[in-house]
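Structure file upload-v8.cif with mmCIF, C-alpha atoms and all ligand atoms:
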```
data_final
#
loop_
_atom_site.group_PDB
_atom_site.id
_atom_site.type_symbol
_atom_site.label_atom_id
_atom_site.label_comp_id
_atom_site.auth_asym_id
_atom_site.auth_seq_id
_atom_site.Cartn_x
_atom_site.Cartn_y
_atom_site.Cartn_z
ATOM 1 C CA MET W 1 139.314 -23.235 221.128
ATOM 2 C CA THR W 2 140.989 -21.735 218.079
ATOM 3 C CA LEU W 3 139.924 -18.225 219.021
ATOM 4 C CA ASP W 4 141.670 -18.539 222.416
ATOM 5 C CA ASN W 5 144.853 -19.732 220.721
ATOM 6 C CA ILE W 6 144.684 -16.873 218.272
ATOM 7 C CA LYS W 7 144.240 -14.428 221.126
ATOM 8 C CA GLU W 8 147.221 -15.852 222.954
ATOM 9 C CA GLU W 9 149.474 -15.820 219.903
ATOM 10 C CA ILE W 10 148.569 -12.235 219.027
ATOM 11 C CA CYS W 11 149.126 -11.095 222.609
ATOM 12 C CA SER W 12 152.578 -12.694 222.858
ATOM 13 C CA ALA W 13 153.826 -11.695 219.373
ATOM 14 C CA LYS W 14 155.784 -8.486 218.903
ATOM 15 C CA ASN W 15 156.445 -8.505 215.183
ATOM 16 C CA ILE W 16 153.367 -9.275 213.124
ATOM 17 C CA VAL W 17 152.764 -9.344 209.392
ATOM 18 C CA ILE W 18 149.300 -9.240 207.824
ATOM 19 C CA LEU W 19 148.883 -10.850 204.410
ATOM 20 C CA THR W 20 145.985 -11.438 202.065
ATOM 21 C CA HIS W 21 145.155 -13.034 198.727
ATOM 22 C CA ASP W 22 146.466 -11.889 195.355
ATOM 23 C CA VAL W 23 144.321 -9.538 193.250
ATOM 24 C CA PRO W 24 142.903 -8.259 196.544
ATOM 25 C CA ASP W 25 139.270 -7.154 196.645
ATOM 26 C CA GLY W 26 137.495 -4.922 199.160
ATOM 27 C CA ASP W 27 137.151 -7.701 201.717
ATOM 28 C CA ALA W 28 140.851 -8.590 201.466
ATOM 29 C CA ILE W 29 141.994 -4.983 201.843
ATOM 30 C CA GLY W 30 139.298 -3.982 204.330
ATOM 31 C CA SER W 31 140.031 -6.971 206.574
ATOM 32 C CA SER W 32 143.781 -6.373 206.394
ATOM 33 C CA LEU W 33 143.494 -2.700 207.304
ATOM 34 C CA ALA W 34 140.981 -3.338 210.099
ATOM 35 C CA MET W 35 143.367 -5.904 211.603
ATOM 36 C CA TYR W 36 146.283 -3.505 211.130
ATOM 37 C CA ILE W 37 144.551 -0.617 212.900
ATOM 38 C CA GLY W 38 143.418 -2.955 215.666
ATOM 39 C CA LEU W 39 146.890 -4.396 216.279
ATOM 40 C CA LYS W 40 148.393 -0.882 216.281
ATOM 41 C CA GLN W 41 145.901 -0.078 219.017
ATOM 42 C CA LEU W 42 147.433 -2.952 221.001
ATOM 43 C CA GLY W 43 150.890 -1.443 220.476
ATOM 44 C CA LYS W 44 152.190 -4.159 218.149
ATOM 45 C CA ASP W 45 154.952 -3.816 215.556
ATOM 46 C CA VAL W 46 152.740 -4.665 212.651
ATOM 47 C CA ASP W 47 153.094 -4.549 208.870
ATOM 48 C CA VAL W 48 150.342 -4.936 206.335
ATOM 49 C CA VAL W 49 151.877 -6.174 203.078
ATOM 50 C CA ILE W 50 149.857 -5.809 199.867
ATOM 51 C CA PRO W 51 152.122 -5.299 196.829
ATOM 52 C CA LYS W 52 149.411 -4.209 194.432
ATOM 53 C CA TYR W 53 145.755 -3.275 194.719
ATOM 54 C CA SER W 54 143.045 -1.350 192.945
ATOM 55 C CA LYS W 55 143.002 2.403 193.553
ATOM 56 C CA THR W 56 139.269 2.071 194.223
ATOM 57 C CA TYR W 57 140.268 1.258 197.813
ATOM 58 C CA LYS W 58 142.669 4.188 198.277
ATOM 59 C CA PHE W 59 139.990 6.028 200.270
ATOM 60 C CA LEU W 60 140.273 3.559 203.148
ATOM 61 C CA PRO W 61 142.039 4.761 206.292
ATOM 62 C CA PHE W 62 145.762 3.953 206.650
ATOM 63 C CA THR W 63 146.303 2.873 203.015
ATOM 64 C CA ASP W 64 149.430 5.106 203.131
ATOM 65 C CA GLU W 65 150.908 2.617 205.553
ATOM 66 C CA ILE W 66 150.407 -0.433 203.345
ATOM 67 C CA LYS W 67 153.805 -1.909 202.470
ATOM 68 C CA GLU W 68 154.878 -3.521 199.208
ATOM 69 C CA LYS W 69 157.436 -5.641 201.052
ATOM 70 C CA GLY W 70 157.915 -6.803 204.614
ATOM 71 C CA ARG W 71 160.379 -5.185 207.017
ATOM 72 C CA VAL W 72 162.009 -8.423 208.157
ATOM 73 C CA GLU W 73 162.224 -11.996 206.870
ATOM 74 C CA ASN W 74 161.109 -13.693 210.064
ATOM 75 C CA TYR W 75 158.044 -12.357 211.803
ATOM 76 C CA ASP W 76 156.878 -13.752 215.139
ATOM 77 C CA LEU W 77 153.441 -14.101 213.694
ATOM 78 C CA ALA W 78 151.877 -14.053 210.240
ATOM 79 C CA ILE W 79 148.139 -13.562 209.810
ATOM 80 C CA ALA W 80 146.530 -14.461 206.485
ATOM 81 C CA LEU W 81 143.129 -12.857 205.937
ATOM 82 C CA ASP W 82 140.439 -13.739 203.410
ATOM 83 C CA CYS W 83 142.735 -16.315 201.803
ATOM 84 C CA GLY W 84 141.673 -19.919 201.278
ATOM 85 C CA ASP W 85 144.942 -21.346 200.066
ATOM 86 C CA ILE W 86 148.617 -20.598 200.738
ATOM 87 C CA LYS W 87 149.180 -20.660 196.965
ATOM 88 C CA ARG W 88 146.998 -17.578 196.695
ATOM 89 C CA LEU W 89 149.284 -15.606 199.007
ATOM 90 C CA ASN W 90 151.432 -15.468 195.906
ATOM 91 C CA GLY W 91 154.638 -13.446 196.276
ATOM 92 C CA PHE W 92 154.348 -13.104 200.046
ATOM 93 C CA ALA W 93 154.121 -16.792 200.937
ATOM 94 C CA SER W 94 157.694 -16.705 202.289
ATOM 95 C CA TYR W 95 156.741 -14.255 205.055
ATOM 96 C CA PHE W 96 154.056 -16.694 206.005
ATOM 97 C CA GLU W 97 156.238 -19.787 205.846
ATOM 98 C CA TYR W 98 159.128 -18.229 207.824
ATOM 99 C CA ALA W 99 156.920 -16.867 210.601
ATOM 100 C CA ASN W 100 157.127 -18.633 213.961
ATOM 101 C CA CYS W 101 153.368 -18.874 214.156
ATOM 102 C CA LYS W 102 150.767 -18.788 211.394
ATOM 103 C CA ILE W 103 147.118 -17.813 211.667
ATOM 104 C CA SER W 104 144.440 -17.887 209.003
ATOM 105 C CA ILE W 105 141.122 -16.080 209.379
ATOM 106 C CA ASP W 106 138.877 -16.744 206.430
ATOM 107 C CA HIS W 107 135.470 -17.574 204.982
ATOM 108 C CA HIS W 108 136.344 -19.596 201.850
ATOM 109 C CA GLU W 109 134.549 -22.914 201.604
ATOM 110 C CA ALA W 110 137.577 -24.579 200.017
ATOM 111 C CA ASN W 111 140.009 -23.334 202.712
ATOM 112 C CA THR W 112 142.904 -25.798 202.902
ATOM 113 C CA MET W 113 143.585 -25.166 206.624
ATOM 114 C CA PHE W 114 147.160 -24.196 205.852
ATOM 115 C CA ALA W 115 147.980 -22.319 209.092
ATOM 116 C CA ASP W 116 148.776 -23.403 212.664
ATOM 117 C CA TYR W 117 145.462 -21.915 213.746
ATOM 118 C CA ASN W 118 142.620 -21.697 211.268
ATOM 119 C CA PHE W 119 139.579 -19.622 212.179
ATOM 120 C CA VAL W 120 137.384 -20.355 209.198
ATOM 121 C CA ASP W 121 133.644 -19.849 208.841
ATOM 122 C CA PRO W 122 132.413 -20.608 205.311
ATOM 123 C CA THR W 123 128.919 -19.414 206.220
ATOM 124 C CA ALA W 124 130.153 -15.852 206.825
ATOM 125 C CA PRO W 125 129.497 -13.598 203.823
ATOM 126 C CA ALA W 126 132.839 -11.814 204.301
ATOM 127 C CA CYS W 127 136.087 -12.265 206.191
ATOM 128 C CA SER W 128 135.410 -8.814 207.648
ATOM 129 C CA GLN W 129 132.355 -10.174 209.414
ATOM 130 C CA ILE W 130 134.425 -12.868 211.143
ATOM 131 C CA LEU W 131 137.033 -10.307 212.058
ATOM 132 C CA ILE W 132 134.748 -8.297 214.298
ATOM 133 C CA THR W 133 134.515 -11.336 216.609
ATOM 134 C CA VAL W 134 138.290 -11.651 216.667
ATOM 135 C CA LEU W 135 138.873 -7.933 217.289
ATOM 136 C CA LYS W 136 136.345 -7.931 220.122
ATOM 137 C CA ALA W 137 137.963 -11.004 221.688
ATOM 138 C CA LEU W 138 141.207 -9.013 221.692
ATOM 139 C CA LYS W 139 139.386 -6.134 223.408
ATOM 140 C CA ILE W 140 140.146 -3.851 220.491
ATOM 141 C CA GLU W 141 137.877 -0.848 220.321
ATOM 142 C CA ILE W 142 135.867 -0.815 217.085
ATOM 143 C CA THR W 143 136.575 2.731 215.947
ATOM 144 C CA LYS W 144 135.047 4.529 212.969
ATOM 145 C CA ASP W 145 138.199 3.736 210.945
ATOM 146 C CA ILE W 146 138.050 0.034 211.756
ATOM 147 C CA GLY W 147 134.324 0.062 211.027
ATOM 148 C CA THR W 148 134.858 1.717 207.635
ATOM 149 C CA CYS W 149 137.313 -1.030 206.657
ATOM 150 C CA LEU W 150 135.077 -3.838 207.917
ATOM 151 C CA LEU W 151 131.927 -2.520 206.276
ATOM 152 C CA THR W 152 133.796 -2.077 202.988
ATOM 153 C CA GLY W 153 134.633 -5.797 203.153
ATOM 154 C CA VAL W 154 131.029 -6.761 203.770
ATOM 155 C CA ILE W 155 129.642 -4.438 201.099
ATOM 156 C CA THR W 156 132.032 -5.683 198.407
ATOM 157 C CA ASP W 157 131.678 -9.385 199.237
ATOM 158 C CA THR W 158 127.879 -9.218 199.361
ATOM 159 C CA GLY W 159 127.520 -6.971 196.301
ATOM 160 C CA GLY W 160 125.881 -4.407 198.588
ATOM 161 C CA PHE W 161 123.899 -6.815 200.820
ATOM 162 C CA LYS W 162 122.288 -8.607 197.899
ATOM 163 C CA TYR W 163 123.845 -12.096 197.839
ATOM 164 C CA LYS W 164 122.344 -15.201 199.389
ATOM 165 C CA SER W 165 125.181 -15.288 201.914
ATOM 166 C CA VAL W 166 123.625 -12.295 203.706
ATOM 167 C CA LYS W 167 122.123 -13.256 207.070
ATOM 168 C CA PRO W 168 120.406 -11.408 209.902
ATOM 169 C CA GLU W 169 123.803 -11.061 211.610
ATOM 170 C CA THR W 170 125.134 -9.238 208.560
ATOM 171 C CA PHE W 171 122.659 -6.433 209.152
ATOM 172 C CA GLU W 172 123.229 -6.500 212.902
ATOM 173 C CA PHE W 173 126.910 -6.167 212.169
ATOM 174 C CA ALA W 174 126.275 -3.299 209.741
ATOM 175 C CA ALA W 175 124.007 -1.571 212.268
ATOM 176 C CA GLU W 176 126.721 -1.761 214.898
ATOM 177 C CA LEU W 177 129.275 -0.217 212.534
ATOM 178 C CA LEU W 178 126.867 2.523 211.481
ATOM 179 C CA SER W 179 126.455 3.424 215.125
ATOM 180 C CA LYS W 180 130.225 4.079 215.198
ATOM 181 C CA GLY W 181 129.730 6.775 212.574
ATOM 182 C CA VAL W 182 130.631 4.731 209.490
ATOM 183 C CA ASN W 183 129.266 6.325 206.327
ATOM 184 C CA VAL W 184 127.552 3.499 204.449
ATOM 185 C CA SER W 185 126.395 5.506 201.436
ATOM 186 C CA ASP W 186 129.881 6.913 200.928
ATOM 187 C CA ILE W 187 131.427 3.420 200.955
ATOM 188 C CA TYR W 188 128.686 2.125 198.683
ATOM 189 C CA ARG W 189 129.275 4.849 196.125
ATOM 190 C CA LYS W 190 133.058 4.504 196.211
ATOM 191 C CA VAL W 191 133.300 0.725 195.937
ATOM 192 C CA LEU W 192 130.218 -0.236 193.956
ATOM 193 C CA GLN W 193 129.165 2.736 191.884
ATOM 194 C CA SER W 194 131.909 4.991 190.643
ATOM 195 C CA ILE W 195 134.448 3.615 188.185
ATOM 196 C CA PRO W 196 137.482 5.360 186.676
ATOM 197 C CA VAL W 197 137.266 6.153 182.949
ATOM 198 C CA GLU W 198 140.035 3.696 182.010
ATOM 199 C CA LYS W 199 138.252 0.941 183.892
ATOM 200 C CA PHE W 200 135.088 1.781 182.012
ATOM 201 C CA GLU W 201 137.010 1.518 178.706
ATOM 202 C CA LEU W 202 138.331 -1.934 179.664
ATOM 203 C CA ARG W 203 134.847 -2.995 180.674
ATOM 204 C CA LYS W 204 133.478 -1.819 177.330
ATOM 205 C CA ILE W 205 135.899 -4.112 175.501
ATOM 206 C CA ALA W 206 134.846 -7.058 177.666
ATOM 207 C CA ILE W 207 131.143 -6.337 177.194
ATOM 208 C CA ASN W 208 131.488 -6.163 173.423
ATOM 209 C CA ARG W 209 133.009 -9.644 173.473
ATOM 210 C CA ILE W 210 130.362 -11.330 175.589
ATOM 211 C CA GLU W 211 129.100 -14.503 173.937
ATOM 212 C CA LEU W 212 126.094 -16.398 175.191
ATOM 213 C CA LEU W 213 126.684 -20.146 174.845
ATOM 214 C CA GLU W 214 124.703 -23.315 175.595
ATOM 215 C CA ASP W 215 121.277 -21.769 175.043
ATOM 216 C CA GLY W 216 122.257 -18.681 176.979
ATOM 217 C CA LYS W 217 123.192 -20.598 180.136
ATOM 218 C CA ILE W 218 126.858 -19.661 179.849
ATOM 219 C CA SER W 219 128.222 -16.176 179.344
ATOM 220 C CA PHE W 220 131.818 -15.927 178.142
ATOM 221 C CA THR W 221 134.207 -13.019 177.733
ATOM 222 C CA TYR W 222 137.918 -12.213 178.009
ATOM 223 C CA ILE W 223 140.590 -9.527 178.220
ATOM 224 C CA THR W 224 144.087 -9.723 176.740
ATOM 225 C CA LYS W 225 147.315 -8.081 177.839
ATOM 226 C CA LYS W 226 147.053 -5.885 174.777
ATOM 227 C CA ASP W 227 143.663 -4.579 175.957
ATOM 228 C CA GLU W 228 145.240 -3.659 179.281
ATOM 229 C CA GLU W 229 148.062 -1.811 177.574
ATOM 230 C CA GLN W 230 145.666 -0.012 175.301
ATOM 231 C CA THR W 231 143.348 1.147 178.097
ATOM 232 C CA LYS W 232 146.182 1.542 180.645
ATOM 233 C CA CYS W 233 144.020 -0.378 183.057
ATOM 234 C CA ASP W 234 144.473 -3.752 184.713
ATOM 235 C CA ASP W 235 141.502 -3.555 187.055
ATOM 236 C CA HIS W 236 139.019 -6.280 186.081
ATOM 237 C CA ASP W 237 136.869 -6.085 189.156
ATOM 238 C CA GLY W 238 133.214 -6.373 188.168
ATOM 239 C CA ILE W 239 133.603 -7.672 184.617
ATOM 240 C CA VAL W 240 132.572 -11.239 185.404
ATOM 241 C CA GLU W 241 129.424 -10.008 187.157
ATOM 242 C CA ILE W 242 128.182 -8.332 183.975
ATOM 243 C CA GLY W 243 127.745 -11.750 182.327
ATOM 244 C CA ARG W 244 126.227 -13.223 185.458
ATOM 245 C CA ASP W 245 123.514 -10.565 185.487
ATOM 246 C CA ILE W 246 122.209 -11.443 182.018
ATOM 247 C CA GLU W 247 118.833 -13.137 182.209
ATOM 248 C CA GLY W 248 119.032 -16.927 181.768
ATOM 249 C CA VAL W 249 122.759 -17.168 182.489
ATOM 250 C CA GLU W 250 123.731 -19.851 185.014
ATOM 251 C CA VAL W 251 127.511 -19.447 184.834
ATOM 252 C CA SER W 252 129.558 -16.436 183.788
ATOM 253 C CA ILE W 253 133.129 -17.041 182.599
ATOM 254 C CA PHE W 254 135.770 -14.329 182.420
ATOM 255 C CA LEU W 255 139.271 -15.120 181.146
ATOM 256 C CA ARG W 256 142.199 -12.789 181.564
ATOM 257 C CA GLU W 257 145.511 -13.301 179.804
ATOM 258 C CA VAL W 258 148.345 -12.967 182.340
ATOM 259 C CA GLU W 259 151.146 -14.102 180.045
ATOM 260 C CA GLU W 260 151.381 -15.996 176.789
ATOM 261 C CA ASP W 261 149.286 -19.145 177.084
ATOM 262 C CA THR W 262 148.367 -18.510 180.740
ATOM 263 C CA TYR W 263 144.919 -17.292 181.735
ATOM 264 C CA LYS W 264 143.261 -16.419 184.996
ATOM 265 C CA ILE W 265 139.694 -17.667 185.194
ATOM 266 C CA SER W 266 136.896 -15.981 187.104
ATOM 267 C CA LEU W 267 133.571 -17.736 187.434
ATOM 268 C CA ARG W 268 130.240 -16.628 188.853
ATOM 269 C CA SER W 269 127.074 -18.647 189.151
ATOM 270 C CA ASN W 270 123.561 -17.486 189.792
ATOM 271 C CA ASP W 271 122.069 -20.390 191.599
ATOM 272 C CA TYR W 272 122.829 -24.078 191.735
ATOM 273 C CA VAL W 273 126.214 -24.513 190.029
ATOM 274 C CA ASN W 274 129.113 -24.725 192.492
ATOM 275 C CA VAL W 275 131.850 -22.821 190.656
ATOM 276 C CA SER W 276 134.346 -23.419 193.475
ATOM 277 C CA ASP W 277 134.262 -27.127 192.524
ATOM 278 C CA ILE W 278 135.012 -26.218 188.913
ATOM 279 C CA CYS W 279 137.902 -23.934 189.888
ATOM 280 C CA LEU W 280 139.448 -26.629 192.088
ATOM 281 C CA LEU W 281 140.174 -28.423 188.798
ATOM 282 C CA PHE W 282 142.153 -25.386 187.664
ATOM 283 C CA ASN W 283 144.476 -24.705 190.587
ATOM 284 C CA GLY W 284 141.983 -22.459 192.302
ATOM 285 C CA GLY W 285 138.803 -22.422 194.344
ATOM 286 C CA GLY W 286 136.655 -19.938 196.181
ATOM 287 C CA HIS W 287 132.996 -19.825 197.033
ATOM 288 C CA MET W 288 129.985 -21.643 195.640
ATOM 289 C CA ARG W 289 128.896 -18.689 193.516
ATOM 290 C CA ALA W 290 132.218 -16.893 193.046
ATOM 291 C CA ALA W 291 135.544 -18.553 192.367
ATOM 292 C CA GLY W 292 138.765 -18.310 190.386
ATOM 293 C CA GLY W 293 141.695 -20.308 189.076
ATOM 294 C CA THR W 294 144.503 -20.465 186.508
ATOM 295 C CA ILE W 295 144.692 -22.375 183.266
ATOM 296 C CA ASN W 296 147.482 -22.879 180.718
ATOM 297 C CA GLY W 297 147.165 -23.347 176.967
ATOM 298 C CA THR W 298 146.294 -21.464 173.825
ATOM 299 C CA PHE W 299 143.240 -19.228 173.999
ATOM 300 C CA ASP W 300 141.069 -21.598 171.944
ATOM 301 C CA LYS W 301 142.019 -24.667 174.010
ATOM 302 C CA VAL W 302 141.510 -22.813 177.277
ATOM 303 C CA LYS W 303 138.119 -21.514 176.205
ATOM 304 C CA GLU W 304 137.007 -24.961 175.089
ATOM 305 C CA ARG W 305 138.122 -26.612 178.343
ATOM 306 C CA ILE W 306 136.505 -24.144 180.682
ATOM 307 C CA VAL W 307 133.263 -23.900 178.702
ATOM 308 C CA SER W 308 132.925 -27.689 178.513
ATOM 309 C CA GLU W 309 133.643 -28.043 182.247
ATOM 310 C CA CYS W 310 130.937 -25.481 183.073
ATOM 311 C CA LYS W 311 128.527 -27.166 180.660
ATOM 312 C CA LYS W 312 129.187 -30.527 182.358
ATOM 313 C CA HIS W 313 128.310 -29.061 185.755
ATOM 314 C CA ILE W 314 125.163 -27.374 184.447
ATOM 315 C CA ASP W 315 124.041 -30.607 182.721
ATOM 316 C CA THR W 316 124.705 -32.895 185.696
ATOM 317 C CA ILE W 317 122.649 -30.769 188.000
ATOM 318 C CA SER W 318 119.773 -30.124 185.609
ATOM 319 C CA ASN W 319 119.534 -33.902 184.997
ATOM 320 C CA GLU W 320 119.264 -34.729 188.676
HETATM 321 MN MN MN Z 401 136.196 -12.396 201.098
#
```
Reformat the file's structure so that it appears as C-alpha cells.
Ligand SMILES: [Mn+2]
Amino acid sequence: MTLDNIKEEICSAKNIVILTHDVPDGDAIGSSLAMYIGLKQLGKDVDVVIPKYSKTYKFLPFTDEIKEKGRVENYDLAIALDCGDIKRLNGFASYFEYANCKISIDHHEANTMFADYNFVDPTAPACSQILITVLKALKIEITKDIGTCLLTGVITDTGGFKYKSVKPETFEFAAELLSKGVNVSDIYRKVLQSIPVEKFELRKIAINRIELLEDGKISFTYITKKDEEQTKCDDHDGIVEIGRDIEGVEVSIFLREVEEDTYKISLRSNDYVNVSDICLLFNGGGHMRAAGGTINGTFDKVKERIVSECKKHIDTISNE
C-alpha cells in the first residue's frame, strides 16, 4: 500500500525537503508547515521551501523557518504537497528531481502521478485533510500548532466549509482539531475575512473591470502588471471568486498579466462546468470548480480564446 511505502521512506530518510505548488494558498502552506512540524517531531533534518507567499499566512506557526532555497542539492526524500503536476512546482522542481525518493500527497483530480509514491485522493476537500491520515500513520502527535496549519488548509480550500467537496469527515476532522485547542474563529478571520488595504485597492480595480458575458453566464476580469505596481500588491487571492458569486454566473474568469503577452488564468465554476478540463488545454489543471493555467498572446487574443473555450463548455453541457 502506498501509505506503507510512504511511511517507510519517511522513516529511513534523514534529509527531507517539503515543496508545494507555485502561488501557494492556505492549503499549500498549511499542509507544508504541518508536515514540517510533524517531521521535526520525528527528529528529521527537514526543510520547507516556499520562495514566495502571501503575508496573510504569516500568522501560522513556524513561518519563520520557511526557506526560500534548499540547503542541499540532493535530498534523500522530497515531498510535494497539494501539487497536481511537477510543472507547478515551478522553481523548485530540481530539488524534487534530484531527490533519491519522491512522494506526492495531493487532492487534485488532474494529478499526473509524477512521484515514486503518489498518495492522491481527489475526493478530499483539501490536502490538509489527507495529511492527518499520513501524520497519524507516522505516529506524529497532532499538536495545536499542527492542527492550526491543517485547519487553515481545510478552511481556505472549502471557502470556510461551504463548498460541495465538504463531507461528514471534514467536520469530524475539524472537531478533532478543535479539541486540540485550535482557534477556528481566529483562523477564519485571518484567512477569509481581513484583507490588507493594498489588496483591497487591487481588488477594487478588478471589480470595476468585471464584464458579464454570454447572457451573464460568464464573468470576466483582469489585472495588469501596472496595476500591481500602482497598488504595490501582487496578492490576487479571492478576486476570481467575486465574479463567481454574481447571480447567474456559471464560470468566472480572472486573467493576470505575468509578463508581456503571458497571462495566468484562474477559473471558477458554480455548478456543472468542469474548469479543470478547460485549464488542461492551457498548460494547467486543478479541480472541477477551481482551476488555473497559463496562456500566451496579446490581451485581446487571450481574452477571446478563454471566453470562447468557457462558452463552448457551457453550451455543450446545457445542450445535453
Ligand atoms: Mn489544496
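The smallest atom-to-atom distance between ligand MN 401 (chain Z) and any of W:Met1, W:Leu202, W:Ile142, W:Val23, using all atoms listed in the file, is found for W:Val23.
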Could I get the residue neighbourhood of ligand MN 401 (chain Z) at 6 Å, counting only C-alpha atoms and all ligand atoms, as a count of residues only?
5
Please enumerate the residues selected by the PyMOL selection byres (((chain W and resi 63) around 10) and not hetatm) when evaluated against the supplied file, formatted as number ranges by chain.
W: 29-30, 33, 48, 50, 57-62, 64-67
9 Å contact set for Arg203 (chain W), all atoms listed in the file, chain neighbours under 6 positions out, as a list in words
His236, Gly238 and Ile239 of chain W
As a check of understanding: the span from CA of Ser12 (chain W) to CA of Glu68 (chain W) is 25.5 Å
Which residues would end up in the selection if the PyMOL selection byres (((chain W and resi 241-257) around 9) and not hetatm) were applied here, given that I need the answer as a ChimeraX atom specification?
/W:206-207,210-212,215-225,236-240,258-273,275,289,299,302-303,306-307,310-311,314
